[in-house]
Amino acid sequence: MKFRPPGVPVTERVSSVEAIDVRFPTSRHRDGSDAMNPFPDYSAAYVVLRTSTGAEGHGLVFTVGRGTEIQVAALRSLAPMLVGEPVEQLVADPGALARRLVGDSQIRWLGPEKGVVHMAAGGLVNAVWDLAARRAGKPLWRLLADLTPEQVVAQVDFRYLRDALTEDDALTLLRAGRDGRADREDRLLAEGYPAYTTTPGWLGYDDDKLARLCAEAVDAGFRLIKLKVGADLAEDVRRLGIARRAVGPDVRLAVDANQVWGVPDAIRWMRELAPFDPYWIEEPTSPDDVLGHAAVRRALAPVKVATGEHAHNAVMFKQLLQAGAVDVVQIDACRVAGVNENLAVLLLAAKFGVPVCPHAGGVGLCELVQHLAMFDFLALSGSTEDRAIEYVDHLHEHFVDPVVVRDGRYRAPTAPGMGAEIVAASRADYRFPDGTRWTAPATPVGAAPA
């Protein structure tokens, strides 16, 4: 079943798709640093979809510096599949576009359904959803929550999921989720959605900065703080001690290894960190190792296992859930093939009764993924218990509609769209390699050491 945002001229078509390499020199201050990525430059392969009437849809794929040009090339390779397409059809059924991009017989060979090309498909699909929400005059969370259960189910590709989640299962979940929706929307608008913060926890920060930022996070209302671990065990023990003293016994501390360990190392390392009462260990091993995650979970309970930011498609999430390998599902707005595949993951998590805490550490990720979490609350899970969206206080000033977090909670965005639009001046200044922030001799760019 399709839906049609109002105000779309029948003759309107996609006139162009622009892909831009935008990079921010976050490595200068080690913002974003972790055991796997010690010197990241937070970046985006940025998409602007333009129509014959002058309307625009914006999307992006998050990256961390070198290689962004490869992601841009993938976007440009897929772009001709949209140019000339009727806008009315695209915004009425983004799922059809998602299936066409992901299922293209030639491009599919490069995946299938994983890697650079799959993420590029997601960037384009998200740009179409941004355009659809703008046309409807709604923030994306509300556009999605206003769809009927049948319309949501029509946007999901169930081909590889039916052994765990059928269309009837999804309809049952979504129909149950309609109960109390109006009251939940009132609560969302009044109170916001819980957030957790990684701002204090980057590995490159010194002890004073770690302690200060932890204390500031507690004062700002955050009840869950995440620290990066995995480079040096003695350092991790010392840093967690600093953090625990700074936040006190009642604030949750999560840790994130960013895939740096093998399974035995993950178990051994985390047992050394157990005295600091970690709430979860995130990405304890290879994101593809379903059985490894299950082994870590069995060995470390009651410490929870969280993963998903590098799970490359809904099948990976299905297997993690089927294997009992994960306690916390972490969707990412830019890792899988866009909104449609993330809807599938949200439905899978609801079917298995596992909470979703979205990953949102990179440029633009907070702006985008908040819409998916809010849809989940309104139309599917109906709960914020043990759920929170990651928040990092970096680079939001570059967005036209930046996230607003107060008292440790995301405030529901009200502007139409998905929130991906980067201000034009920032696009020009940080365009790589010819933007002024990268070419001006007096501007240190903080490039990672070779």
# chains A, B, ... in the order shown; residues from 1 in each chain; ligands from 1
>>> closest_atom_pairs(of="range 121-238 of chain A", to="range 354-372 of chain A", cutoff="8 Å", atoms="only C-alpha atoms", output="JSON lines")
{"residue": "A:Pro139", "atom": "CA", "partner": "A:His371", "partner_atom": "CA", "distance": 7.8}
{"residue": "A:Leu140", "atom": "CA", "partner": "A:His371", "partner_atom": "CA", "distance": 5.9}
{"residue": "A:Trp141", "atom": "CA", "partner": "A:His371", "partner_atom": "CA", "distance": 4.4}
{"residue": "A:Thr198", "atom": "CA", "partner": "A:Gly361", "partner_atom": "CA", "distance": 7.4}
>>> select_by_dssp(residues="range 34-179 of chain A", states="strand (DSSP E)", output="ChimeraX atom specification")
/A:43-51,56-63
>>> select_by_dssp(residues="range 250-313 of chain A", states="alpha helix (DSSP H)", output="ChimeraX atom specification")
/A:263-273,290-300
>>> residues_around(residues="Glu216 in chain A", least_positions_apart="6", cutoff="12 Å", atoms="only C-alpha atoms", output="list in words")
Thr197, Thr199, Pro200, Lys209, Leu210, Phe222, Arg223, Ile225, Ala243, Ala246, Val247, Asp407 and Gly408 of chain A
>>> residues_around(residues="Leu273 in chain A", least_positions_apart="3", cutoff="8 Å", atoms="only C-alpha atoms", output="ChimeraX atom specification")
/A:236-237,240,269-270,276-278
>>> write_last_selection(atoms="C-alpha atoms", output="compact mmCIF listing (two decimals), in the first residue's frame")
# COMPACT_ATOMS: atom_id res chain seq x y z
CA ASP A 236 41.08 1.11 30.82
CA VAL A 237 41.03 0.07 34.47
CA LEU A 240 36.97 3.55 34.36
CA TRP A 269 39.31 -7.95 29.35
CA MET A 270 35.75 -7.38 30.47
CA PHE A 276 33.26 -0.82 37.72
CA ASP A 277 29.80 -2.27 36.99
CA PRO A 278 29.68 -1.78 33.21
>>> residues_around(residues="Ala306 in chain A", least_positions_apart="2", cutoff="8 Å", atoms="only C-alpha atoms", output="list in words")
Trp280, Ile281, Glu282, Glu283, Lys304, Gly308, Val326, Asp327, Val328, Val329 and Gln330 of chain A
>>> residues_around(residues="His310 in chain A", least_positions_apart="2", cutoff="10 Å", atoms="only C-alpha atoms", output="mmCIF file with N, CA and C atoms, in the first residue's frame")
data_model
loop_
_atom_site.group_PDB
_atom_site.id
_atom_site.type_symbol
_atom_site.label_atom_id
_atom_site.label_comp_id
_atom_site.auth_asym_id
_atom_site.auth_seq_id
_atom_site.Cartn_x
_atom_site.Cartn_y
_atom_site.Cartn_z
ATOM 1 N N GLY A 115 28.448 -3.311 2.516
ATOM 2 C CA GLY A 115 29.559 -2.516 2.032
ATOM 3 C C GLY A 115 29.168 -1.169 1.462
ATOM 4 N N ASN A 258 34.707 -1.186 20.021
ATOM 5 C CA ASN A 258 34.814 -0.920 18.579
ATOM 6 C C ASN A 258 35.482 -2.067 17.827
ATOM 7 N N GLN A 259 35.094 -3.305 18.153
ATOM 8 C CA GLN A 259 35.458 -4.522 17.406
ATOM 9 C C GLN A 259 36.913 -4.936 17.562
ATOM 10 N N GLU A 283 30.137 -3.799 20.770
ATOM 11 C CA GLU A 283 31.027 -4.336 19.739
ATOM 12 C C GLU A 283 32.264 -5.008 20.344
ATOM 13 N N SER A 286 34.372 -8.929 16.245
ATOM 14 C CA SER A 286 33.990 -8.641 14.860
ATOM 15 C C SER A 286 32.478 -8.496 14.725
ATOM 16 N N PRO A 287 32.017 -7.457 14.056
ATOM 17 C CA PRO A 287 30.560 -7.269 13.933
ATOM 18 C C PRO A 287 29.875 -8.378 13.144
ATOM 19 N N ASP A 288 30.646 -9.185 12.391
ATOM 20 C CA ASP A 288 30.067 -10.287 11.625
ATOM 21 C C ASP A 288 29.986 -11.583 12.419
ATOM 22 N N THR A 307 25.317 -4.278 20.090
ATOM 23 C CA THR A 307 25.997 -4.194 18.797
ATOM 24 C C THR A 307 24.996 -3.803 17.725
ATOM 25 N N GLY A 308 25.523 -3.433 16.559
ATOM 26 C CA GLY A 308 24.651 -3.102 15.426
ATOM 27 C C GLY A 308 25.138 -1.982 14.545
ATOM 28 N N HIS A 312 25.689 -4.994 8.740
ATOM 29 C CA HIS A 312 25.522 -4.387 7.418
ATOM 30 C C HIS A 312 24.168 -4.605 6.777
ATOM 31 N N ASN A 313 23.316 -5.445 7.353
ATOM 32 C CA ASN A 313 21.969 -5.585 6.793
ATOM 33 C C ASN A 313 21.047 -6.234 7.818
ATOM 34 N N MET A 316 21.848 -9.780 9.309
ATOM 35 C CA MET A 316 22.765 -9.860 10.444
ATOM 36 C C MET A 316 22.018 -9.651 11.759
ATOM 37 N N GLN A 330 21.561 -1.905 18.242
ATOM 38 C CA GLN A 330 21.995 -0.540 17.928
ATOM 39 C C GLN A 330 21.873 -0.303 16.427
ATOM 40 N N ILE A 331 20.762 0.299 16.028
ATOM 41 C CA ILE A 331 20.615 0.657 14.623
ATOM 42 C C ILE A 331 21.459 1.890 14.324
ATOM 43 N N ASP A 332 21.763 2.081 13.053
ATOM 44 C CA ASP A 332 22.494 3.245 12.571
ATOM 45 C C ASP A 332 21.773 3.738 11.327
ATOM 46 N N CYS A 334 22.778 5.255 8.808
ATOM 47 C CA CYS A 334 23.557 5.291 7.572
ATOM 48 C C CYS A 334 24.307 4.003 7.281
ATOM 49 N N ARG A 335 24.130 2.951 8.051
ATOM 50 C CA ARG A 335 24.892 1.728 7.814
ATOM 51 C C ARG A 335 24.156 0.777 6.885
ATOM 52 N N VAL A 336 22.882 0.508 7.142
ATOM 53 C CA VAL A 336 22.105 -0.347 6.258
ATOM 54 C C VAL A 336 21.504 0.521 5.150
ATOM 55 N N HIS A 359 22.826 3.907 17.567
ATOM 56 C CA HIS A 359 24.155 4.498 17.466
ATOM 57 C C HIS A 359 24.028 5.847 16.764
#
>>> residues_around(residues="Phe352 in chain A", least_positions_apart="5", cutoff="12 Å", atoms="only C-alpha atoms", output="PyMOL selection string")
chain A and resi 164-165+169-170+173+317-329+345-347+381
>>> write_last_selection(atoms="N, CA and C atoms", output="short mmCIF file (atom, residue, chain, number, x, y, z; two decimals), in the first residue's frame")
data_model
loop_
_atom_site.label_atom_id
_atom_site.label_comp_id
_atom_site.auth_asym_id
_atom_site.auth_seq_id
_atom_site.Cartn_x
_atom_site.Cartn_y
_atom_site.Cartn_z
N ALA A 164 12.01 -15.59 10.70
CA ALA A 164 12.00 -14.95 12.02
C ALA A 164 10.88 -13.93 12.17
N LEU A 165 10.46 -13.32 11.06
CA LEU A 165 9.47 -12.24 11.11
C LEU A 165 8.67 -12.26 9.81
N ASP A 169 3.27 -11.14 11.39
CA ASP A 169 3.90 -10.76 12.66
C ASP A 169 4.03 -9.24 12.76
N ALA A 170 4.52 -8.64 11.69
CA ALA A 170 4.75 -7.19 11.70
C ALA A 170 3.43 -6.44 11.87
N LEU A 173 2.30 -6.58 15.49
CA LEU A 173 3.10 -5.67 16.33
C LEU A 173 2.68 -4.22 16.12
N PHE A 317 21.14 -8.67 11.79
CA PHE A 317 20.34 -8.44 13.00
C PHE A 317 19.46 -9.65 13.29
N LYS A 318 18.86 -10.21 12.25
CA LYS A 318 18.02 -11.39 12.45
C LYS A 318 18.81 -12.51 13.12
N GLN A 319 20.01 -12.76 12.63
CA GLN A 319 20.81 -13.86 13.18
C GLN A 319 21.28 -13.55 14.61
N LEU A 320 21.68 -12.32 14.87
CA LEU A 320 22.06 -11.94 16.23
C LEU A 320 20.92 -12.20 17.20
N LEU A 321 19.72 -11.87 16.79
CA LEU A 321 18.56 -12.07 17.66
C LEU A 321 18.19 -13.55 17.77
N GLN A 322 18.23 -14.27 16.66
CA GLN A 322 17.90 -15.70 16.71
C GLN A 322 18.88 -16.47 17.59
N ALA A 323 20.15 -16.05 17.57
CA ALA A 323 21.19 -16.76 18.32
C ALA A 323 21.27 -16.33 19.77
N GLY A 324 20.43 -15.40 20.20
CA GLY A 324 20.52 -14.90 21.57
C GLY A 324 21.85 -14.24 21.84
N ALA A 325 22.36 -13.50 20.86
CA ALA A 325 23.71 -12.94 20.93
C ALA A 325 23.76 -11.49 21.34
N VAL A 326 22.61 -10.86 21.53
CA VAL A 326 22.60 -9.42 21.76
C VAL A 326 21.50 -9.05 22.75
N ASP A 327 21.83 -8.15 23.68
CA ASP A 327 20.86 -7.61 24.64
C ASP A 327 20.34 -6.25 24.22
N VAL A 328 21.12 -5.53 23.42
CA VAL A 328 20.77 -4.18 23.00
C VAL A 328 21.05 -4.07 21.51
N VAL A 329 20.03 -3.78 20.73
CA VAL A 329 20.17 -3.58 19.29
C VAL A 329 20.51 -2.12 19.02
N VAL A 345 14.62 -3.76 10.87
CA VAL A 345 15.38 -4.07 12.08
C VAL A 345 14.57 -3.73 13.32
N LEU A 346 13.87 -2.60 13.30
CA LEU A 346 13.02 -2.25 14.43
C LEU A 346 11.93 -3.29 14.66
N LEU A 347 11.35 -3.79 13.59
CA LEU A 347 10.33 -4.83 13.71
C LEU A 347 10.92 -6.13 14.26
N SER A 381 7.26 -0.07 19.75
CA SER A 381 7.62 -0.57 21.08
C SER A 381 6.76 0.02 22.18
#
>>> atom_distance(atom1="CA of Gly292 in chain A", atom2="CA of Leu343 in chain A")
25.7 Å
>>> atom_distance(atom1="CA of Thr53 in chain A", atom2="CA of Gly419 in chain A")
20.8 Å
>>> closest_residue(among="A:Arg159, A:Gly180, A:Gly241, A:Val125", to="Gly382 in chain A", atoms="only C-alpha atoms")
A:Gly180
>>> closest_atom_pairs(of="range 181-214 of chain A", to="range 24-36 of chain A", cutoff="7 Å", atoms="only C-alpha atoms", output="tab-separated table")
residue	atom	partner	partner_atom	distance
A:Trp202	CA	A:Ser33	CA	5.2
A:Leu203	CA	A:Asp34	CA	5.2
A:Gly204	CA	A:Arg30	CA	5.2
